[in-house]
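Participant: Enclosed is the structure file target-v6.txt (compact mmCIF, C-alpha atoms and all ligand atoms).
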```txt
# COMPACT_ATOMS: atom_id res chain seq x y z
CA MET A 719 0.00 0.00 0.00
CA SER A 720 1.33 3.47 -0.86
CA GLU A 721 2.23 6.11 1.74
CA PRO A 722 -0.40 8.53 3.08
CA LEU A 723 -0.10 11.84 1.22
CA LEU A 724 -2.84 13.72 3.06
CA GLU A 725 -4.17 13.01 6.55
CA LEU A 726 -7.08 14.88 8.09
CA LYS A 727 -7.32 14.41 11.83
CA ASP A 728 -10.59 15.29 13.53
CA ILE A 729 -11.08 18.47 11.48
CA LYS A 730 -13.72 20.87 12.75
CA MET A 731 -14.69 24.09 11.02
CA TYR A 732 -17.18 26.16 12.99
CA PHE A 733 -18.28 29.50 11.54
CA PRO A 734 -19.43 31.98 14.20
CA ILE A 735 -22.94 33.40 13.94
CA LYS A 736 -23.02 36.93 15.30
CA GLU A 737 -26.03 39.15 15.79
CA LYS A 738 -23.84 42.25 15.98
CA VAL A 739 -20.40 42.68 14.41
CA PHE A 740 -18.29 43.22 17.51
CA LYS A 741 -20.34 41.01 19.83
CA LYS A 742 -19.62 37.45 20.87
CA PRO A 743 -21.06 34.76 18.58
CA VAL A 744 -24.53 33.56 19.56
CA ASN A 745 -23.98 30.18 17.90
CA HIS A 746 -21.80 28.43 15.31
CA VAL A 747 -22.44 26.82 11.92
CA LYS A 748 -20.78 23.45 12.41
CA ALA A 749 -19.88 23.09 8.74
CA VAL A 750 -17.27 20.36 9.32
CA ASN A 751 -17.66 18.52 12.58
CA GLY A 752 -14.84 16.07 13.29
CA VAL A 753 -13.66 14.61 9.98
CA SER A 754 -10.71 12.20 9.87
CA LEU A 755 -9.61 10.86 6.48
CA THR A 756 -6.44 9.55 4.88
CA VAL A 757 -5.60 9.82 1.19
CA ARG A 758 -2.73 7.70 -0.06
CA GLN A 759 -0.33 8.57 -2.84
CA GLY A 760 -1.89 7.92 -6.26
CA GLU A 761 -5.42 7.18 -5.08
CA THR A 762 -8.73 9.01 -5.46
CA LEU A 763 -10.86 9.73 -2.42
CA GLY A 764 -14.43 10.59 -3.38
CA ILE A 765 -16.43 12.78 -1.00
CA VAL A 766 -20.21 12.91 -1.49
CA GLY A 767 -23.16 14.42 0.29
CA GLU A 768 -26.08 16.79 -0.11
CA SER A 769 -25.71 20.52 -0.55
CA GLY A 770 -24.48 22.21 2.63
CA CYS A 771 -22.95 19.11 4.24
CA GLY A 772 -19.52 20.75 4.38
CA LYS A 773 -17.71 19.40 1.30
CA SER A 774 -16.39 22.74 0.00
CA THR A 775 -15.52 23.92 3.50
CA LEU A 776 -13.42 20.79 3.98
CA ALA A 777 -11.79 21.39 0.56
CA ARG A 778 -10.95 24.98 1.53
CA THR A 779 -9.28 23.87 4.75
CA ILE A 780 -7.12 21.38 2.82
CA VAL A 781 -5.81 24.02 0.39
CA GLY A 782 -5.21 26.50 3.23
CA LEU A 783 -7.98 28.98 2.31
CA LEU A 784 -9.58 28.38 5.72
CA GLU A 785 -7.90 27.60 9.00
CA PRO A 786 -9.87 24.86 10.77
CA SER A 787 -11.27 25.58 14.23
CA SER A 788 -9.52 22.43 15.47
CA GLY A 789 -7.85 19.26 14.28
CA ASP A 790 -4.73 18.73 12.21
CA ILE A 791 -3.85 18.40 8.52
CA LEU A 792 -0.76 16.42 7.58
CA PHE A 793 0.74 16.57 4.10
CA GLU A 794 3.54 14.08 3.44
CA GLY A 795 3.56 13.39 7.17
CA LYS A 796 4.05 17.04 8.23
CA SER A 797 1.46 19.20 9.95
CA ILE A 798 0.72 22.16 7.67
CA LEU A 799 -1.36 24.18 10.11
CA GLY A 800 1.63 25.87 11.72
CA TYR A 801 3.15 26.78 8.34
CA ASN A 802 4.17 30.41 7.87
CA LYS A 803 3.24 32.44 4.78
CA LYS A 804 6.31 31.34 2.82
CA GLN A 805 5.74 27.66 3.61
CA MET A 806 2.05 27.96 2.67
CA HIS A 807 3.07 29.60 -0.62
CA GLU A 808 5.39 26.69 -1.35
CA LEU A 809 2.64 24.21 -0.45
CA ARG A 810 0.44 25.75 -3.17
CA ARG A 811 2.70 24.04 -5.71
CA ASP A 812 1.84 20.66 -4.30
CA ILE A 813 -1.88 21.10 -3.58
CA GLN A 814 -4.08 22.67 -6.24
CA MET A 815 -7.82 23.07 -6.54
CA VAL A 816 -10.24 22.78 -9.47
CA TYR A 817 -13.54 24.58 -8.92
CA GLN A 818 -17.11 23.67 -9.73
CA ASP A 819 -18.08 26.50 -11.97
CA PRO A 820 -16.01 26.82 -15.14
CA TYR A 821 -17.83 30.10 -15.87
CA THR A 822 -16.95 32.09 -12.78
CA SER A 823 -13.61 30.50 -11.91
CA LEU A 824 -11.86 31.90 -15.01
CA ASN A 825 -11.20 35.64 -15.38
CA PRO A 826 -13.26 36.69 -18.45
CA ARG A 827 -10.73 39.38 -19.40
CA MET A 828 -7.74 37.03 -19.56
CA LYS A 829 -6.88 34.81 -22.51
CA ALA A 830 -6.66 31.06 -21.82
CA GLY A 831 -2.87 31.18 -22.22
CA GLU A 832 -2.58 33.96 -19.63
CA ILE A 833 -4.85 32.08 -17.20
CA ILE A 834 -2.69 28.97 -17.43
CA ALA A 835 0.54 31.01 -17.21
CA ALA A 836 -0.57 32.91 -14.08
CA PRO A 837 0.56 30.31 -11.49
CA LEU A 838 3.85 29.86 -13.35
CA LYS A 839 4.46 33.62 -13.15
CA ALA A 840 3.50 33.68 -9.45
CA PHE A 841 6.26 31.13 -8.84
CA LYS A 842 8.69 32.86 -11.24
CA MET A 843 8.81 29.75 -13.44
CA THR A 844 8.89 31.84 -16.58
CA SER A 845 11.65 30.25 -18.65
CA ASN A 846 10.09 28.68 -21.77
CA LEU A 847 6.72 30.00 -20.55
CA ASN A 848 4.95 29.74 -23.91
CA GLU A 849 6.18 26.21 -24.50
CA ARG A 850 4.98 25.15 -21.05
CA VAL A 851 1.55 26.70 -21.70
CA TYR A 852 1.30 24.83 -25.04
CA GLU A 853 2.36 21.62 -23.29
CA LEU A 854 -0.38 22.09 -20.68
CA LEU A 855 -3.01 22.85 -23.34
CA ASP A 856 -1.99 19.68 -25.15
CA LEU A 857 -2.15 17.68 -21.91
CA VAL A 858 -5.82 18.62 -21.40
CA GLY A 859 -6.80 18.09 -25.04
CA LEU A 860 -6.85 21.73 -26.20
CA LYS A 861 -5.00 23.28 -29.13
CA ARG A 862 -2.10 25.76 -29.19
CA GLU A 863 -4.32 28.36 -30.87
CA ASP A 864 -6.67 28.16 -27.91
CA ALA A 865 -4.10 30.11 -25.85
CA GLU A 866 -5.23 33.27 -27.65
CA LYS A 867 -8.94 32.83 -26.96
CA PHE A 868 -11.00 34.29 -24.11
CA PRO A 869 -13.09 32.08 -21.76
CA HIS A 870 -16.40 33.02 -23.43
CA GLN A 871 -15.13 31.52 -26.69
CA PHE A 872 -15.03 28.03 -25.15
CA SER A 873 -17.73 25.49 -24.21
CA GLY A 874 -18.25 24.56 -20.54
CA GLY A 875 -16.22 21.37 -20.89
CA GLN A 876 -13.36 23.23 -22.59
CA ARG A 877 -13.35 25.87 -19.86
CA GLN A 878 -13.07 23.16 -17.24
CA ARG A 879 -10.08 21.82 -19.22
CA ILE A 880 -8.49 25.27 -18.90
CA GLY A 881 -9.15 25.15 -15.12
CA ILE A 882 -7.47 21.74 -14.99
CA ALA A 883 -4.47 22.96 -17.05
CA ARG A 884 -4.07 25.91 -14.67
CA ALA A 885 -4.18 23.54 -11.67
CA LEU A 886 -1.53 21.30 -13.28
CA ALA A 887 0.85 24.12 -14.23
CA LEU A 888 2.99 23.78 -11.11
CA ASN A 889 3.20 19.98 -11.21
CA PRO A 890 1.11 19.44 -8.07
CA LYS A 891 0.98 16.16 -6.18
CA LEU A 892 -2.60 16.53 -4.97
CA LEU A 893 -5.64 17.94 -6.78
CA ILE A 894 -8.74 18.91 -4.83
CA LEU A 895 -11.57 18.70 -7.34
CA ASP A 896 -14.62 20.47 -5.91
CA GLU A 897 -17.54 19.22 -8.02
CA PRO A 898 -15.52 19.70 -11.22
CA VAL A 899 -18.22 18.31 -13.52
CA SER A 900 -21.46 19.30 -11.75
CA ALA A 901 -22.03 22.30 -14.02
CA LEU A 902 -21.50 20.30 -17.22
CA ASP A 903 -23.85 18.28 -19.45
CA VAL A 904 -23.83 14.54 -18.68
CA SER A 905 -22.05 13.61 -21.95
CA VAL A 906 -19.34 16.21 -21.28
CA GLN A 907 -19.02 15.06 -17.65
CA ALA A 908 -17.81 11.64 -18.83
CA GLN A 909 -15.19 13.22 -21.12
CA VAL A 910 -13.78 15.37 -18.32
CA ILE A 911 -13.73 12.43 -15.89
CA ASN A 912 -11.93 10.31 -18.50
CA LEU A 913 -9.40 13.10 -18.94
CA LEU A 914 -8.85 13.28 -15.17
CA GLU A 915 -8.35 9.51 -15.04
CA ASP A 916 -5.78 9.65 -17.86
CA LEU A 917 -3.94 12.55 -16.22
CA GLN A 918 -3.84 10.72 -12.92
CA GLU A 919 -2.19 7.74 -14.52
CA GLU A 920 0.22 9.78 -16.63
CA LEU A 921 1.29 12.19 -13.89
CA GLY A 922 0.89 9.98 -10.79
CA LEU A 923 -1.58 12.44 -9.26
CA THR A 924 -3.60 11.98 -6.09
CA TYR A 925 -7.21 13.25 -6.08
CA VAL A 926 -9.82 14.33 -3.59
CA PHE A 927 -12.93 14.33 -5.80
CA ILE A 928 -16.00 16.03 -4.36
CA ALA A 929 -19.40 15.26 -5.88
CA HIS A 930 -23.07 15.74 -5.12
CA ASP A 931 -24.12 12.23 -5.94
CA LEU A 932 -22.54 8.81 -5.94
CA SER A 933 -22.96 8.09 -9.65
CA VAL A 934 -20.42 10.75 -10.71
CA ILE A 935 -17.50 9.23 -8.81
CA LYS A 936 -18.43 5.58 -9.25
CA HIS A 937 -15.68 4.79 -11.73
CA ILE A 938 -12.97 7.18 -10.59
CA ALA A 939 -12.96 6.82 -6.78
CA ASP A 940 -10.84 4.18 -5.04
CA LYS A 941 -12.57 4.95 -1.78
CA VAL A 942 -15.56 7.05 -0.82
CA ALA A 943 -16.53 9.12 2.21
CA VAL A 944 -20.26 9.86 2.54
CA MET A 945 -20.82 13.11 4.46
CA TYR A 946 -23.93 14.34 6.25
CA LEU A 947 -24.11 17.59 8.25
CA GLY A 948 -20.35 17.94 8.59
CA LYS A 949 -19.62 14.33 9.55
CA VAL A 950 -18.55 11.19 7.70
CA MET A 951 -21.35 8.61 7.90
CA GLU A 952 -19.70 5.83 5.92
CA LEU A 953 -16.19 5.35 4.60
CA SER A 954 -15.16 2.47 2.41
CA ASP A 955 -13.29 1.20 -0.59
CA SER A 956 -15.49 1.89 -3.63
CA ASP A 957 -16.38 -1.65 -4.45
CA THR A 958 -17.75 -2.34 -0.97
CA LEU A 959 -19.56 0.99 -0.80
CA TYR A 960 -21.41 0.53 -4.08
CA HIS A 961 -22.35 -3.07 -3.46
CA HIS A 962 -22.43 -3.61 0.30
CA SER A 963 -23.14 -0.19 1.82
CA LYS A 964 -24.54 -0.36 5.33
CA HIS A 965 -25.48 3.17 6.39
CA PRO A 966 -29.14 4.12 5.85
CA TYR A 967 -28.05 7.47 4.38
CA THR A 968 -25.69 5.87 1.86
CA ASN A 969 -28.42 3.37 1.00
CA ALA A 970 -30.82 6.23 0.28
CA LEU A 971 -28.24 8.02 -1.91
CA LEU A 972 -27.53 4.82 -3.83
CA SER A 973 -31.21 4.15 -4.37
CA ALA A 974 -31.49 7.51 -6.15
CA ILE A 975 -29.00 6.55 -8.90
CA PRO A 976 -30.95 5.62 -12.05
CA LEU A 977 -30.20 2.11 -13.32
CA PRO A 978 -29.34 1.65 -16.99
CA ASP A 979 -31.48 -1.51 -17.24
CA PRO A 980 -35.16 -0.36 -17.46
CA GLU A 981 -36.41 -3.67 -16.04
CA LYS A 982 -34.19 -3.39 -12.93
CA GLU A 983 -35.05 0.29 -12.65
CA ARG A 984 -38.78 -0.56 -12.52
CA GLN A 985 -38.31 -3.22 -9.84
CA ARG A 986 -35.98 -1.22 -7.66
CA GLN A 987 -37.32 0.67 -4.67
CA ARG A 988 -36.27 4.24 -4.02
CA ILE A 989 -35.56 5.05 -0.38
CA MET A 990 -37.17 8.44 0.15
CA LEU A 991 -35.78 10.52 2.99
CA LYS A 992 -38.36 12.32 5.06
CA GLY A 993 -38.05 15.94 6.11
CA GLU A 994 -35.57 18.68 5.39
CA LEU A 995 -31.85 18.72 5.95
CA PRO A 996 -31.43 20.13 9.50
CA SER A 997 -29.40 23.30 9.99
CA PRO A 998 -25.69 22.72 10.73
CA ALA A 999 -26.07 25.46 13.35
CA ASN A 1000 -28.44 23.23 15.34
CA PRO A 1001 -27.70 19.63 14.41
CA PRO A 1002 -29.98 16.96 15.92
CA THR A 1003 -28.90 15.28 19.15
CA GLY A 1004 -27.55 11.72 19.19
CA CYS A 1005 -27.19 10.41 15.66
CA ILE A 1006 -27.43 13.55 13.49
CA PHE A 1007 -29.30 11.53 10.84
CA HIS A 1008 -32.09 10.38 13.18
CA THR A 1009 -34.63 13.02 12.03
CA ARG A 1010 -34.59 11.58 8.51
CA CYS A 1011 -33.52 7.99 9.01
CA PRO A 1012 -36.11 5.42 7.89
CA ILE A 1013 -35.00 2.93 10.58
CA ALA A 1014 -34.24 5.28 13.49
CA GLN A 1015 -34.86 3.91 16.98
CA GLU A 1016 -35.53 5.85 20.20
CA SER A 1017 -31.94 5.32 21.38
CA CYS A 1018 -30.59 6.99 18.20
CA LYS A 1019 -31.83 10.33 19.56
CA GLN A 1020 -29.61 10.08 22.61
CA HIS A 1021 -26.41 8.34 21.60
CA ILE A 1022 -23.84 9.33 19.00
CA PRO A 1023 -22.66 6.48 16.76
CA VAL A 1024 -18.93 6.54 16.01
CA LEU A 1025 -17.49 5.81 12.59
CA GLU A 1026 -16.11 2.31 13.02
CA GLU A 1027 -15.63 -1.06 11.43
CA LYS A 1028 -18.78 -3.19 11.56
CA ASP A 1029 -17.70 -6.15 9.55
CA GLY A 1030 -14.61 -7.87 10.96
CA SER A 1031 -13.58 -9.07 7.52
CA ASN A 1032 -13.12 -5.61 5.99
CA PRO A 1033 -11.09 -3.07 7.98
CA ASN A 1034 -11.50 -0.57 5.11
CA HIS A 1035 -15.25 -0.30 5.68
CA GLN A 1036 -16.43 1.99 8.48
CA VAL A 1037 -19.99 2.96 9.34
CA ALA A 1038 -21.42 5.47 11.85
CA CYS A 1039 -24.69 3.71 12.71
CA PHE A 1040 -26.03 1.55 15.56
CA TYR A 1041 -28.16 -0.53 13.20
CA PRO A 1042 -26.18 -0.88 9.97
CA GLN A 1043 -28.12 -2.67 7.24
CA GLU A 1044 -26.92 -4.00 3.97
CA THR A 1045 -29.59 -3.27 1.38
CA GLU A 1046 -29.15 -5.63 -1.51
CA ALA A 1047 -29.59 -4.87 -5.17
CA ILE A 1048 -29.72 -1.11 -4.78
CA VAL A 1049 -27.38 -0.67 -7.71
CA SER A 1050 -26.68 -3.07 -10.51
CA SER A 1051 -23.21 -4.50 -10.81
CA ASN A 1052 -22.39 -2.43 -13.91
N1 LIG A 1101 -17.81 31.51 5.31
C1 LIG A 1101 -18.88 30.96 5.86
N2 LIG A 1101 -19.52 31.55 6.90
C2 LIG A 1101 -20.61 30.97 7.46
N3 LIG A 1101 -21.15 29.80 7.07
C3 LIG A 1101 -20.56 29.17 6.03
C4 LIG A 1101 -19.41 29.70 5.36
N4 LIG A 1101 -19.05 28.86 4.37
C5 LIG A 1101 -19.94 27.84 4.41
N5 LIG A 1101 -20.83 28.03 5.40
C6 LIG A 1101 -21.94 27.13 5.78
O1 LIG A 1101 -21.36 25.87 6.05
C7 LIG A 1101 -22.20 24.82 5.61
C8 LIG A 1101 -21.43 23.94 4.64
O2 LIG A 1101 -21.21 24.66 3.44
P1 LIG A 1101 -20.37 24.06 2.23
O3 LIG A 1101 -20.29 25.09 1.17
O4 LIG A 1101 -19.09 23.52 2.74
O5 LIG A 1101 -21.29 22.85 1.75
P2 LIG A 1101 -21.16 21.93 0.45
O6 LIG A 1101 -21.29 20.54 0.93
O7 LIG A 1101 -19.96 22.29 -0.33
O8 LIG A 1101 -22.50 22.32 -0.36
P3 LIG A 1101 -22.73 22.38 -1.95
O9 LIG A 1101 -22.97 20.96 -2.37
O10 LIG A 1101 -23.95 23.22 -2.08
O11 LIG A 1101 -21.53 22.98 -2.60
C9 LIG A 1101 -23.43 25.48 4.97
O12 LIG A 1101 -24.44 25.54 5.95
C10 LIG A 1101 -22.92 26.88 4.65
O13 LIG A 1101 -23.98 27.80 4.66
S1 LIG A 1102 -27.78 5.34 14.31
FE1 LIG A 1102 -30.00 5.17 14.20
S2 LIG A 1102 -30.69 7.11 13.29
FE2 LIG A 1102 -28.51 6.95 12.94
S3 LIG A 1102 -28.35 6.08 10.93
FE3 LIG A 1102 -28.25 4.38 12.35
S4 LIG A 1102 -30.36 3.67 12.61
FE4 LIG A 1102 -30.44 5.68 11.63
MG MG A 1103 -19.66 22.96 -2.31
```
Represent the supplied structure as structure tokens.
Ligand SMILES: Nc1ncnc2c1ncn2[C@@H]1O[C@H](COP(=O)(O)OP(=O)(O)OP(=O)(O)O)[C@@H](O)[C@H]1O
Ligand code: SF4
Ligand SMILES: [Mg+2]
Facilitator:
Amino acid sequence: MSEPLLELKDIKMYFPIKEKVFKKPVNHVKAVNGVSLTVRQGETLGIVGESGCGKSTLARTIVGLLEPSSGDILFEGKSILGYNKKQMHELRRDIQMVYQDPYTSLNPRMKAGEIIAAPLKAFKMTSNLNERVYELLDLVGLKREDAEKFPHQFSGGQRQRIGIARALALNPKLLILDEPVSALDVSVQAQVINLLEDLQEELGLTYVFIAHDLSVIKHIADKVAVMYLGKVMELSDSDTLYHHSKHPYTNALLSAIPLPDPEKERQRQRIMLKGELPSPANPPTGCIFHTRCPIAQESCKQHIPVLEEKDGSNPNHQVACFYPQETEAIVSSN
């Protein structure tokens, strides 16, 4: 097994809620509430969960845009939270981010070539600048001439390729992909995911791939963390998660993926979650999922389930639930 590249240790990110600017906070939005994850060199960790469950906040803490309220982040075995400005600047080479929206994440007044060259200039890597930009365009399947075009002259998928080229300019080790294909048409999504898979193999990259739903990361993720209200509910190698998931929340998410076989699709039962997603400022007591869980028991309201191994035969599979249930035939084996 390869070495851990990134280790998140009990990360919490609480945003203060203040009624008046200079007053003490009246409460906190518990956007990330005790997340521990390890990503090994060369692998892809998928992170999924509904809107507002803390995926982007976690991504921002990893790239140093937010300082977590508590916990530790280790990159190549070293804690990065005490890094000074210069060390953080250097770390930017190794950890890069690709954003969800290829429309707003590119400066509309800069040509594609200038956008891709910007990180190289910031790190004074300007020798053979044009050649490096052409090389990066080629790497993401764009043409040399594209360097002279402005973002509005590209399709959504092409713009996301520019975002990927920019993220690769400094030869990073780790890419944080925050819903990189969510804004794209389904057919284009597959092309961009294929490109990311090819780049990973060619350049030995490690990915944290954030997605809204489990279908997007099915083929690219080696392991998957399912988040709910700032916590990881289930963590597993992909194969186990897609075929032997045990957490009622994961089971509900899986049941929402359309099946390609119409016959199986007709027979399959959707697990509908009741109620609204609670506010991360006032998460439910006990198991935070109890207000929507189809199999919640009285005791779930009082006690907090820890994320732990439930099946002695697979140490890679952890579930935060007192009554884990394997729901068979939720997804086909395609
Ligand atoms: N700077 C901030 N100040 C206060 N609250 C914030 C801040 N950033 C995020 N939040 C809150 O933290 C929670 C998690 O937000 P986050 O953007 O991380 O969710 P997400 O899982 O990325 O959602 P989406 O799928 O919509 O992108 C939300 O309730 C959000 O409103
Ligand atoms: S601990 Fe209880 S409420 Fe929470 S997911 Fe499991 S069964 Fe549902
Ligand atoms: Mg987000």
Participant: Segment 767-776 of chain A: which residues within 8 Å, counting only C-alpha atoms, same-chain residues fewer than 4 positions away excluded, as a count of residues only?
Facilitator: 17
Participant: Please report the interatomic distance between atom CA of Val926 of chain A and atom CA of Leu893 of chain A in Å with one decimal.
Facilitator: 6.4 Å
Participant: Collect all residues with atoms no farther than 7 Å from ligand LIG 1102 (chain A), counting all atoms listed in the file, and output them as a count of residues only.
Facilitator: 19
Participant: Could you tell me which of A:Tyr852, A:Phe793, A:Phe841, A:Tyr817 comes closest to ligand MG 1103 (chain A) if we count all atoms listed in the file?
Facilitator: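 Distance minimum relative to ligand MG 1103 (chain A) lands on A:Tyr817.
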Participant: When distances are computed from only C-alpha atoms and all ligand atoms, which of A:Val816, A:Leu923, A:Ile1022, A:Ile911 shows the smallest separation from ligand MG 1103 (chain A)?
Facilitator: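 Checking each candidate against ligand MG 1103 (chain A), we get A:Val816 as the closest.
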Participant: Neighbours of Ile798 of chain A within 12 Å (all atoms listed in the file; same-chain residues fewer than 3 positions away dropped), as number ranges by chain?
Facilitator: A: 724-727, 779-782, 785-786, 789-795, 801-810, 813
Participant: Counting only C-alpha atoms, write as an mmCIF file with C-alpha atoms, in the coordinates of the input all protein and nucleic acid residues lying at most 12 Å from (-13.5, 1.7, 7.6) in the file's frame.
Facilitator:
```cif
data_model
loop_
_atom_site.group_PDB
_atom_site.id
_atom_site.type_symbol
_atom_site.label_atom_id
_atom_site.label_comp_id
_atom_site.auth_asym_id
_atom_site.auth_seq_id
_atom_site.Cartn_x
_atom_site.Cartn_y
_atom_site.Cartn_z
ATOM 1 C CA SER A 754 -10.710 12.200 9.870
ATOM 2 C CA LEU A 755 -9.610 10.860 6.480
ATOM 3 C CA THR A 756 -6.440 9.550 4.880
ATOM 4 C CA LYS A 941 -12.570 4.950 -1.780
ATOM 5 C CA VAL A 942 -15.560 7.050 -0.820
ATOM 6 C CA ALA A 943 -16.530 9.120 2.210
ATOM 7 C CA VAL A 944 -20.260 9.860 2.540
ATOM 8 C CA VAL A 950 -18.550 11.190 7.700
ATOM 9 C CA MET A 951 -21.350 8.610 7.900
ATOM 10 C CA GLU A 952 -19.700 5.830 5.920
ATOM 11 C CA LEU A 953 -16.190 5.350 4.600
ATOM 12 C CA SER A 954 -15.160 2.470 2.410
ATOM 13 C CA ASP A 955 -13.290 1.200 -0.590
ATOM 14 C CA SER A 956 -15.490 1.890 -3.630
ATOM 15 C CA THR A 958 -17.750 -2.340 -0.970
ATOM 16 C CA LEU A 959 -19.560 0.990 -0.800
ATOM 17 C CA SER A 963 -23.140 -0.190 1.820
ATOM 18 C CA LYS A 964 -24.540 -0.360 5.330
ATOM 19 C CA VAL A 1024 -18.930 6.540 16.010
ATOM 20 C CA LEU A 1025 -17.490 5.810 12.590
ATOM 21 C CA GLU A 1026 -16.110 2.310 13.020
ATOM 22 C CA GLU A 1027 -15.630 -1.060 11.430
ATOM 23 C CA LYS A 1028 -18.780 -3.190 11.560
ATOM 24 C CA ASP A 1029 -17.700 -6.150 9.550
ATOM 25 C CA GLY A 1030 -14.610 -7.870 10.960
ATOM 26 C CA SER A 1031 -13.580 -9.070 7.520
ATOM 27 C CA ASN A 1032 -13.120 -5.610 5.990
ATOM 28 C CA PRO A 1033 -11.090 -3.070 7.980
ATOM 29 C CA ASN A 1034 -11.500 -0.570 5.110
ATOM 30 C CA HIS A 1035 -15.250 -0.300 5.680
ATOM 31 C CA GLN A 1036 -16.430 1.990 8.480
ATOM 32 C CA VAL A 1037 -19.990 2.960 9.340
ATOM 33 C CA ALA A 1038 -21.420 5.470 11.850
#
```
Participant: Give me the residues near Glu761 of chain A as a ChimeraX atom specification, where near means some atom within 7 Å (using only C-alpha atoms) and where sequence neighbours in that chain fewer than 6 positions away do not count.
Facilitator: /A:924-925,940
Participant: Using atom CA of Ile765 of chain A and atom CA of Leu860 of chain A as the two end points, give the distance in Å to one decimal.
Facilitator: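 Between atom CA of Ile765 of chain A and atom CA of Leu860 of chain A the gap is 28.4 Å.
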Participant: Report the distance between atom C6 of ligand LIG 1101 (chain A) and atom CA of Leu783 of chain A in Å, rounded to one decimal place.
Facilitator: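 We find that atom C6 of ligand LIG 1101 (chain A) and atom CA of Leu783 of chain A lie 14.5 Å from each other.
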Participant: Please determine, counting all atoms listed in the file, which residue among A:Leu995, A:Lys982, A:Lys861, A:Leu763 has the shortest atom-to-atom distance to ligand LIG 1101 (chain A).
Facilitator: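 Checking each candidate against ligand LIG 1101 (chain A), we get A:Leu995 as the closest.
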Participant: Between A:Phe733, A:Phe927, A:Tyr960, A:Phe868, which one has atoms that come closest to ligand MG 1103 (chain A), using only C-alpha atoms and all ligand atoms?
Facilitator: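 Closest residue, counting only C-alpha atoms and all ligand atoms: A:Phe927.
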Participant: Nearest to ligand MG 1103 (chain A): which of A:Asp819, A:Glu920, A:Asp856, A:Glu981 is it, counting all atoms listed in the file?
Facilitator: A:Asp819
Participant: Using only C-alpha atoms, which of A:Leu857, A:Val753, A:Ala836, A:Val747 sits nearest Asp728 of chain A?
Facilitator: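 Checking each of A:Leu857, A:Val753, A:Ala836, A:Val747 against Asp728 of chain A, counting only C-alpha atoms, the winner is A:Val753.
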Participant: Show me, as JSON, the centre and edge lengths in Å to one decimal of the axis-aligned box that covers every listed atom of ligand LIG 1101 (chain A) with 4 Å on each side.
Facilitator:
```
{"center_x": -21.1, "center_y": 26.0, "center_z": 2.4, "size_x": 14.6, "size_y": 19.0, "size_z": 18.1}
```
Participant: Please complete segment 742-751 of chain A with N, CA, C and O atoms and give it back as a CSV table (one decimal), in the coordinates of the input.
Facilitator:
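Resulting contents of selection.csv:
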```csv
chain,number,residue,atom,x,y,z
A,742,LYS,N,-20.0,38.9,20.9
A,742,LYS,CA,-19.6,37.4,20.9
A,742,LYS,C,-20.6,36.6,20.0
A,742,LYS,O,-21.8,37.0,19.9
A,743,PRO,N,-20.1,35.6,19.4
A,743,PRO,CA,-21.1,34.8,18.6
A,743,PRO,C,-22.2,34.2,19.4
A,743,PRO,O,-22.0,33.8,20.6
A,744,VAL,N,-23.4,34.1,18.8
A,744,VAL,CA,-24.5,33.6,19.6
A,744,VAL,C,-24.6,32.0,19.3
A,744,VAL,O,-25.3,31.3,20.0
A,745,ASN,N,-24.0,31.6,18.2
A,745,ASN,CA,-24.0,30.2,17.9
A,745,ASN,C,-22.9,30.0,16.8
A,745,ASN,O,-22.2,30.9,16.4
A,746,HIS,N,-22.8,28.7,16.4
A,746,HIS,CA,-21.8,28.4,15.3
A,746,HIS,C,-22.4,27.5,14.3
A,746,HIS,O,-23.2,26.7,14.6
A,747,VAL,N,-22.1,27.8,13.0
A,747,VAL,CA,-22.4,26.8,11.9
A,747,VAL,C,-21.4,25.7,11.9
A,747,VAL,O,-20.2,26.0,11.7
A,748,LYS,N,-21.8,24.5,12.3
A,748,LYS,CA,-20.8,23.4,12.4
A,748,LYS,C,-20.7,22.8,11.0
A,748,LYS,O,-21.2,21.7,10.8
A,749,ALA,N,-19.9,23.5,10.1
A,749,ALA,CA,-19.9,23.1,8.7
A,749,ALA,C,-19.1,21.8,8.6
A,749,ALA,O,-19.5,20.9,7.8
A,750,VAL,N,-18.0,21.6,9.3
A,750,VAL,CA,-17.3,20.4,9.3
A,750,VAL,C,-17.1,20.0,10.8
A,750,VAL,O,-16.7,20.8,11.6
A,751,ASN,N,-17.5,18.8,11.2
A,751,ASN,CA,-17.7,18.5,12.6
A,751,ASN,C,-17.0,17.2,13.0
A,751,ASN,O,-17.6,16.3,13.4
```
